[in-house]
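With mmCIF, C-alpha atoms inside, this is query-v9.cif:
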```cif
data_coords
#
loop_
_atom_site.group_PDB
_atom_site.id
_atom_site.type_symbol
_atom_site.label_atom_id
_atom_site.label_comp_id
_atom_site.auth_asym_id
_atom_site.auth_seq_id
_atom_site.Cartn_x
_atom_site.Cartn_y
_atom_site.Cartn_z
ATOM 1 C CA MET A 26 13.173 -20.699 1.323
ATOM 2 C CA GLN A 27 16.884 -20.013 1.302
ATOM 3 C CA ASN A 28 19.009 -18.675 -1.502
ATOM 4 C CA THR A 29 22.588 -18.071 -2.543
ATOM 5 C CA ILE A 30 21.963 -14.999 -4.684
ATOM 6 C CA LYS A 31 24.650 -13.089 -2.803
ATOM 7 C CA VAL A 32 27.197 -15.727 -3.844
ATOM 8 C CA GLU A 33 25.985 -15.732 -7.457
ATOM 9 C CA ARG A 34 26.180 -11.956 -7.480
ATOM 10 C CA ALA A 35 29.731 -12.089 -6.150
ATOM 11 C CA ILE A 36 30.671 -14.565 -8.911
ATOM 12 C CA LEU A 37 29.389 -12.118 -11.529
ATOM 13 C CA ASN A 38 31.026 -9.277 -9.573
ATOM 14 C CA ILE A 39 27.938 -7.051 -9.625
ATOM 15 C CA THR A 40 26.363 -4.929 -6.897
ATOM 16 C CA GLN A 41 22.786 -5.210 -5.592
ATOM 17 C CA ASP A 42 21.987 -2.069 -7.540
ATOM 18 C CA ASP A 43 23.397 -3.541 -10.788
ATOM 19 C CA LEU A 44 21.418 -6.753 -10.304
ATOM 20 C CA ALA A 45 18.262 -4.771 -9.523
ATOM 21 C CA LYS A 46 18.620 -2.793 -12.740
ATOM 22 C CA LEU A 47 19.321 -5.922 -14.788
ATOM 23 C CA ILE A 48 16.114 -7.660 -13.698
ATOM 24 C CA GLY A 49 13.955 -4.553 -13.327
ATOM 25 C CA VAL A 50 13.315 -4.324 -9.583
ATOM 26 C CA SER A 51 14.449 -1.998 -6.793
ATOM 27 C CA ARG A 52 17.679 -2.478 -4.855
ATOM 28 C CA GLN A 53 15.657 -2.950 -1.658
ATOM 29 C CA THR A 54 13.861 -5.900 -3.238
ATOM 30 C CA ILE A 55 17.202 -7.589 -3.996
ATOM 31 C CA ASN A 56 18.312 -6.880 -0.439
ATOM 32 C CA SER A 57 15.111 -8.448 0.957
ATOM 33 C CA ILE A 58 15.482 -11.526 -1.264
ATOM 34 C CA GLU A 59 19.106 -11.999 -0.217
ATOM 35 C CA ALA A 60 18.127 -11.663 3.442
ATOM 36 C CA ASN A 61 15.355 -14.281 2.944
ATOM 37 C CA ARG A 62 12.690 -11.766 3.935
ATOM 38 C CA TYR A 63 10.944 -11.940 0.575
ATOM 39 C CA VAL A 64 10.292 -14.897 -1.723
ATOM 40 C CA PRO A 65 10.301 -13.684 -5.327
ATOM 41 C CA SER A 66 7.780 -14.675 -7.974
ATOM 42 C CA THR A 67 8.492 -17.370 -10.548
ATOM 43 C CA VAL A 68 9.009 -14.660 -13.180
ATOM 44 C CA LEU A 69 11.717 -13.001 -11.108
ATOM 45 C CA ALA A 70 13.297 -16.358 -10.251
ATOM 46 C CA LEU A 71 13.464 -17.233 -13.951
ATOM 47 C CA LYS A 72 14.961 -13.829 -14.768
ATOM 48 C CA LEU A 73 17.662 -14.513 -12.168
ATOM 49 C CA SER A 74 18.170 -18.000 -13.603
ATOM 50 C CA GLU A 75 18.689 -16.541 -17.054
ATOM 51 C CA LEU A 76 21.112 -13.955 -15.736
ATOM 52 C CA PHE A 77 23.158 -16.413 -13.649
ATOM 53 C CA ASN A 78 22.911 -18.983 -16.448
ATOM 54 C CA LYS A 79 21.931 -21.655 -13.917
ATOM 55 C CA PRO A 80 18.746 -23.552 -13.054
ATOM 56 C CA VAL A 81 16.589 -21.970 -10.329
ATOM 57 C CA ASN A 82 17.240 -24.967 -8.031
ATOM 58 C CA ASP A 83 20.927 -24.090 -7.917
ATOM 59 C CA PHE A 84 20.388 -20.878 -6.001
ATOM 60 C CA PHE A 85 16.942 -21.369 -4.378
ATOM 61 C CA ASN A 86 16.498 -24.147 -1.821
ATOM 62 C CA LEU A 87 13.606 -25.147 0.396
ATOM 63 C CA SER A 88 14.330 -24.756 4.107
ATOM 64 C CA ASP A 89 13.143 -27.153 6.866
ATOM 65 C CA ASP A 90 10.110 -25.028 7.745
ATOM 66 C CA ASP A 91 8.782 -24.912 4.129
ATOM 67 C CA MET B 23 -17.871 -15.126 -29.408
ATOM 68 C CA ASN B 24 -17.893 -18.345 -27.390
ATOM 69 C CA THR B 25 -18.192 -18.662 -23.604
ATOM 70 C CA LYS B 26 -14.444 -19.109 -23.095
ATOM 71 C CA LYS B 27 -13.632 -15.907 -24.984
ATOM 72 C CA ILE B 28 -16.250 -13.967 -23.006
ATOM 73 C CA MET B 29 -14.769 -15.289 -19.734
ATOM 74 C CA ASP B 30 -11.238 -14.391 -20.847
ATOM 75 C CA CYS B 31 -12.382 -10.906 -21.801
ATOM 76 C CA GLU B 32 -14.115 -10.447 -18.417
ATOM 77 C CA ARG B 33 -11.060 -11.779 -16.580
ATOM 78 C CA LYS B 34 -8.767 -9.376 -18.425
ATOM 79 C CA ARG B 35 -11.035 -6.419 -17.638
ATOM 80 C CA PHE B 36 -11.281 -7.540 -14.001
ATOM 81 C CA TYR B 37 -7.489 -7.726 -13.615
ATOM 82 C CA LYS B 38 -7.125 -4.380 -15.375
ATOM 83 C CA ILE B 39 -9.356 -2.805 -12.701
ATOM 84 C CA ILE B 40 -7.526 -4.598 -9.861
ATOM 85 C CA ASN B 41 -4.083 -3.595 -11.128
ATOM 86 C CA PHE B 42 -5.053 0.016 -11.839
ATOM 87 C CA ARG B 43 -2.592 2.516 -10.350
ATOM 88 C CA LEU B 44 -2.056 6.205 -10.999
ATOM 89 C CA PRO B 45 1.392 7.496 -12.063
ATOM 90 C CA HIS B 46 3.823 8.524 -9.314
ATOM 91 C CA LYS B 47 3.212 12.274 -9.816
ATOM 92 C CA PHE B 48 -0.251 11.788 -8.298
ATOM 93 C CA MET B 49 1.451 11.109 -4.956
ATOM 94 C CA THR B 50 2.674 14.726 -4.916
ATOM 95 C CA ILE B 51 -0.750 15.985 -6.005
ATOM 96 C CA GLY B 52 -2.374 13.882 -3.250
ATOM 97 C CA ILE B 53 0.000 15.240 -0.589
ATOM 98 C CA ALA B 54 -0.722 18.815 -1.756
ATOM 99 C CA VAL B 55 -4.504 18.236 -1.650
ATOM 100 C CA VAL B 56 -4.270 16.691 1.850
ATOM 101 C CA ALA B 57 -2.048 19.514 3.150
ATOM 102 C CA LEU B 58 -4.318 22.214 1.686
ATOM 103 C CA SER B 59 -7.430 20.527 3.084
ATOM 104 C CA ILE B 60 -5.943 20.303 6.588
ATOM 105 C CA ILE B 61 -4.782 23.954 6.480
ATOM 106 C CA MET B 62 -8.212 25.056 5.274
ATOM 107 C CA MET B 63 -9.858 22.999 8.056
ATOM 108 C CA PHE B 64 -7.868 24.985 10.638
ATOM 109 C CA VAL B 65 -8.684 28.264 8.858
ATOM 110 C CA ARG B 66 -12.386 27.366 8.840
ATOM 111 C CA ALA B 67 -12.344 26.397 12.513
ATOM 112 C CA PHE B 68 -10.372 29.338 13.927
ATOM 113 C CA VAL B 69 -10.586 32.220 11.444
ATOM 114 C CA MET B 70 -13.815 32.045 9.446
ATOM 115 C CA GLU B 71 -17.141 33.086 10.893
ATOM 116 C CA GLY B 72 -20.748 32.346 9.933
ATOM 117 C CA ASP B 73 -22.283 29.211 8.474
ATOM 118 C CA THR B 74 -19.409 27.198 6.975
ATOM 119 C CA VAL B 75 -20.802 23.670 7.292
ATOM 120 C CA TRP B 76 -20.740 23.331 3.491
ATOM 121 C CA LEU B 77 -17.004 24.104 3.561
ATOM 122 C CA LYS B 78 -16.436 21.529 6.292
ATOM 123 C CA VAL B 79 -18.148 18.852 4.168
ATOM 124 C CA LEU B 80 -16.218 19.953 1.067
ATOM 125 C CA LEU B 81 -12.889 19.834 2.936
ATOM 126 C CA GLN B 82 -13.685 16.380 4.311
ATOM 127 C CA LYS B 83 -14.302 15.147 0.780
ATOM 128 C CA SER B 84 -11.129 16.776 -0.569
ATOM 129 C CA LEU B 85 -9.107 15.226 2.283
ATOM 130 C CA LEU B 86 -10.478 11.796 1.336
ATOM 131 C CA VAL B 87 -9.738 12.380 -2.366
ATOM 132 C CA GLY B 88 -6.167 13.483 -1.539
ATOM 133 C CA MET B 89 -5.534 10.436 0.644
ATOM 134 C CA LEU B 90 -7.029 8.161 -2.029
ATOM 135 C CA LEU B 91 -4.688 9.677 -4.638
ATOM 136 C CA MET B 92 -1.748 9.005 -2.307
ATOM 137 C CA SER B 93 -2.977 5.472 -1.736
ATOM 138 C CA ILE B 94 -3.423 4.437 -5.374
ATOM 139 C CA SER B 95 -0.457 6.212 -6.923
ATOM 140 C CA LYS B 96 2.535 4.149 -8.009
ATOM 141 C CA ASP B 97 5.901 4.223 -6.292
ATOM 142 C CA LYS B 98 8.972 5.715 -7.951
ATOM 143 C CA GLU B 99 10.311 2.172 -8.244
ATOM 144 C CA GLU B 100 7.275 -0.047 -8.556
ATOM 145 C CA ASP B 101 8.034 -3.779 -8.570
ATOM 146 C CA GLU B 102 6.421 -7.010 -7.430
ATOM 147 C CA MET B 103 7.528 -6.502 -3.828
ATOM 148 C CA THR B 104 5.912 -3.067 -3.506
ATOM 149 C CA ILE B 105 2.725 -4.543 -5.028
ATOM 150 C CA THR B 106 2.778 -7.302 -2.377
ATOM 151 C CA LEU B 107 3.423 -4.799 0.429
ATOM 152 C CA ARG B 108 0.577 -2.595 -0.812
ATOM 153 C CA SER B 109 -1.807 -5.571 -0.805
ATOM 154 C CA GLN B 110 -0.735 -6.424 2.750
ATOM 155 C CA SER B 111 -1.302 -2.828 3.863
ATOM 156 C CA TYR B 112 -4.831 -2.813 2.361
ATOM 157 C CA ALA B 113 -5.642 -6.092 4.124
ATOM 158 C CA ILE B 114 -4.463 -4.867 7.530
ATOM 159 C CA ALA B 115 -6.191 -1.477 7.033
ATOM 160 C CA PHE B 116 -9.471 -3.260 6.285
ATOM 161 C CA VAL B 117 -9.261 -5.455 9.393
ATOM 162 C CA ILE B 118 -8.213 -2.592 11.709
ATOM 163 C CA GLY B 119 -10.877 -0.347 10.141
ATOM 164 C CA VAL B 120 -13.652 -2.833 10.922
ATOM 165 C CA VAL B 121 -12.395 -3.287 14.503
ATOM 166 C CA TYR B 122 -12.193 0.522 14.854
ATOM 167 C CA ALA B 123 -15.776 0.959 13.576
ATOM 168 C CA LEU B 124 -16.989 -1.679 16.055
ATOM 169 C CA VAL B 125 -15.069 -0.553 19.141
ATOM 170 C CA MET B 126 -14.690 3.226 18.784
ATOM 171 C CA PRO B 127 -18.370 4.173 19.385
ATOM 172 C CA TYR B 128 -18.187 2.463 22.821
ATOM 173 C CA VAL B 129 -14.869 4.133 23.631
ATOM 174 C CA GLU B 130 -16.299 7.548 22.658
ATOM 175 C CA PHE B 131 -19.472 6.785 24.653
ATOM 176 C CA GLY B 132 -17.439 5.832 27.737
ATOM 177 C CA VAL B 133 -15.074 8.798 27.520
ATOM 178 C CA SER B 134 -17.812 11.385 26.887
ATOM 179 C CA ASN B 135 -19.833 9.983 29.817
ATOM 180 C CA VAL B 136 -16.825 10.262 32.124
ATOM 181 C CA VAL B 137 -15.971 13.784 30.907
ATOM 182 C CA ASN B 138 -19.556 15.082 30.885
ATOM 183 C CA SER B 139 -20.688 13.097 33.991
ATOM 184 C CA GLY B 140 -23.242 10.917 32.165
ATOM 185 C CA GLY B 141 -26.250 11.575 29.981
ATOM 186 C CA GLU B 142 -24.447 10.958 26.684
ATOM 187 C CA VAL B 143 -26.025 8.763 23.989
ATOM 188 C CA LEU B 144 -24.277 6.041 21.999
ATOM 189 C CA LYS B 145 -23.472 7.344 18.513
ATOM 190 C CA ASP B 146 -22.190 5.441 15.472
ATOM 191 C CA LEU B 147 -19.093 6.629 13.650
ATOM 192 C CA GLY B 148 -19.550 8.647 10.478
ATOM 193 C CA ASP B 149 -18.325 7.389 7.108
ATOM 194 C CA PHE B 150 -15.688 10.141 6.960
ATOM 195 C CA GLN B 151 -14.126 9.115 10.284
ATOM 196 C CA VAL B 152 -13.930 5.418 9.294
ATOM 197 C CA LEU B 153 -12.620 6.082 5.773
ATOM 198 C CA VAL B 154 -9.962 8.569 6.914
ATOM 199 C CA PHE B 155 -8.851 6.121 9.603
ATOM 200 C CA MET B 156 -8.621 3.228 7.113
ATOM 201 C CA LEU B 157 -6.680 5.303 4.570
ATOM 202 C CA MET B 158 -4.368 6.565 7.314
ATOM 203 C CA ILE B 159 -3.682 3.011 8.512
ATOM 204 C CA GLN B 160 -3.102 1.832 4.916
ATOM 205 C CA LEU B 161 -0.624 4.620 4.120
ATOM 206 C CA MET B 162 1.150 4.243 7.464
ATOM 207 C CA PHE B 163 1.480 0.451 7.198
ATOM 208 C CA TYR B 164 2.570 0.626 3.554
ATOM 209 C CA HIS B 165 5.344 3.089 4.285
ATOM 210 C CA ASN B 166 6.430 1.175 7.390
ATOM 211 C CA LEU B 167 6.456 -2.126 5.497
ATOM 212 C CA LYS B 168 8.573 -0.487 2.810
ATOM 213 C CA ARG B 169 10.944 0.886 5.434
ATOM 214 C CA TYR B 170 11.423 -2.518 7.097
ATOM 215 C CA ARG B 171 11.741 -4.520 3.869
#
```

As a first step, turn the structure in this file into structure tokens.
Amino acid sequence: MQNTIKVERAILNITQDDLAKLIGVSRQTINSIEANRYVPSTVLALKLSELFNKPVNDFFNLSDDD
Amino acid sequence: MNTKKIMDCERKRFYKIINFRLPHKFMTIGIAVVALSIIMMFVRAFVMEGDTVWLKVLLQKSLLVGMLLMSISKDKEEDEMTITLRSQSYAIAFVIGVVYALVMPYVEFGVSNVVNSGGEVLKDLGDFQVLVFMLMIQLMFYHNLKRYR
């Protein structure tokens, strides 16, 4: 799974720490998601969707090995 | 109460037990209990005289309790990723613990025979040794997984 959360975050002009606080996780978790080391739960994905005001598909994409 | 409600009630209780964690302050209490137990173990071994087997058993239990408190206490910032990492650390600790319990008696048997020039008997590991090892592996893996996340 690949994502463009870093881009979405840049559009909103917020830091990893800000985003973490907004969706109630740690900054390290955001860092791991952005680096594609951790695939978040549906709940977290929907929280991000609500925050970015975009469907989940817009910033999460399946990679070739999925 | 119909069957579905009973099942839902049981499921809720089951998940409540699975998701049970102590508050973060118990981590500090656990560390203090472990540190005190280890210090007292050294004191018992090198300073105290007479029959102190009861103290040895008591300290072993307190060490286990301290490590368990450390293991089941929440993180400062508990989220879904730390919950996943904790689950992974328990899984790996279980597997390594079983391998350790299977292999270690033969390693100890081999080493003690080499050191004491034979005549040693094969002994099984005690529960304390296996449990401490498993808790150690769990805590170590959990903190390493958190570091590399």

Find the residues of chain B that sit at most 8 Å from chain A; for each, write down the nearest two atoms and how far apart they are in Å, to one decimal. Count all atoms listed in the file. Sort by chain, then by number going up, and give it as a tab-separated table.
```
residue	atom	partner	partner_atom	distance
B:Glu99	CA	A:Ser51	CA	6.1
B:Glu100	CA	A:Val50	CA	7.5
B:Asp101	CA	A:Val50	CA	5.4
B:Glu102	CA	A:Val50	CA	7.7
B:Met103	CA	A:Thr54	CA	6.4
B:Arg171	CA	A:Ser57	CA	5.9
```

Explicit residue set for the PyMOL selection byres ((chain A and resi 27) around 7), as number ranges by chain: A: 26, 28, 61, 85-88

Can you turn the PyMOL selection byres ((chain B and resi 84) around 12) into a concrete residue list for this file, as an MDAnalysis selection string? chainID B and resid 51:63 77:83 85:91 150 154

Name all residues at most 10 Å from Ala70 in chain A (count all atoms listed in the file; drop same-chain ones fewer than 3 positions away) and give them as number ranges by chain. A: 48, 64-67, 73-76, 80-82, 84-85

Residue selection dump (C-alpha atoms) as an mmCIF file, keeping the file's coordinate frame:
```cif
data_model
loop_
_atom_site.group_PDB
_atom_site.id
_atom_site.type_symbol
_atom_site.label_atom_id
_atom_site.label_comp_id
_atom_site.auth_asym_id
_atom_site.auth_seq_id
_atom_site.Cartn_x
_atom_site.Cartn_y
_atom_site.Cartn_z
ATOM 1 C CA ILE A 48 16.114 -7.660 -13.698
ATOM 2 C CA VAL A 64 10.292 -14.897 -1.723
ATOM 3 C CA PRO A 65 10.301 -13.684 -5.327
ATOM 4 C CA SER A 66 7.780 -14.675 -7.974
ATOM 5 C CA THR A 67 8.492 -17.370 -10.548
ATOM 6 C CA LEU A 73 17.662 -14.513 -12.168
ATOM 7 C CA SER A 74 18.170 -18.000 -13.603
ATOM 8 C CA GLU A 75 18.689 -16.541 -17.054
ATOM 9 C CA LEU A 76 21.112 -13.955 -15.736
ATOM 10 C CA PRO A 80 18.746 -23.552 -13.054
ATOM 11 C CA VAL A 81 16.589 -21.970 -10.329
ATOM 12 C CA ASN A 82 17.240 -24.967 -8.031
ATOM 13 C CA PHE A 84 20.388 -20.878 -6.001
ATOM 14 C CA PHE A 85 16.942 -21.369 -4.378
#
```

Which value, in Å to one decimal, gives the distance between CA of Glu59 in chain A and CA of Asp97 in chain B? 21.8 Å

Contacts of Arg169 in chain B within 12 Å, all atoms listed in the file, excl. fewer than 3 positions in-chain, as a list in words: Gln53, Thr54 and Ser57 of chain A; Thr104, Leu107, Met162, Phe163, Tyr164, His165 and Asn166 of chain B

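Of note, CA of Arg66 in chain B and CA of Met126 in chain B are spaced 26.2 Å apart.
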
Near Asn41 in chain B, within 12 Å and counting all atoms listed in the file, which residues show up once chain neighbours fewer than 2 positions away are dropped, as a PyMOL selection string? chain B and resi 34-39+43-44+94-96+102+105-106+108-109

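The interatomic distance for the pair CA of Asn78 in chain A and CA of Leu47 in chain A works out to 13.6 Å.
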
Close residues, Glu33 in chain A itself excluded, 9 Å, all atoms listed in the file, min 4 positions apart in chain, as a list in words: Thr29, Leu37, Asn38, Phe77 and Phe84 of chain A
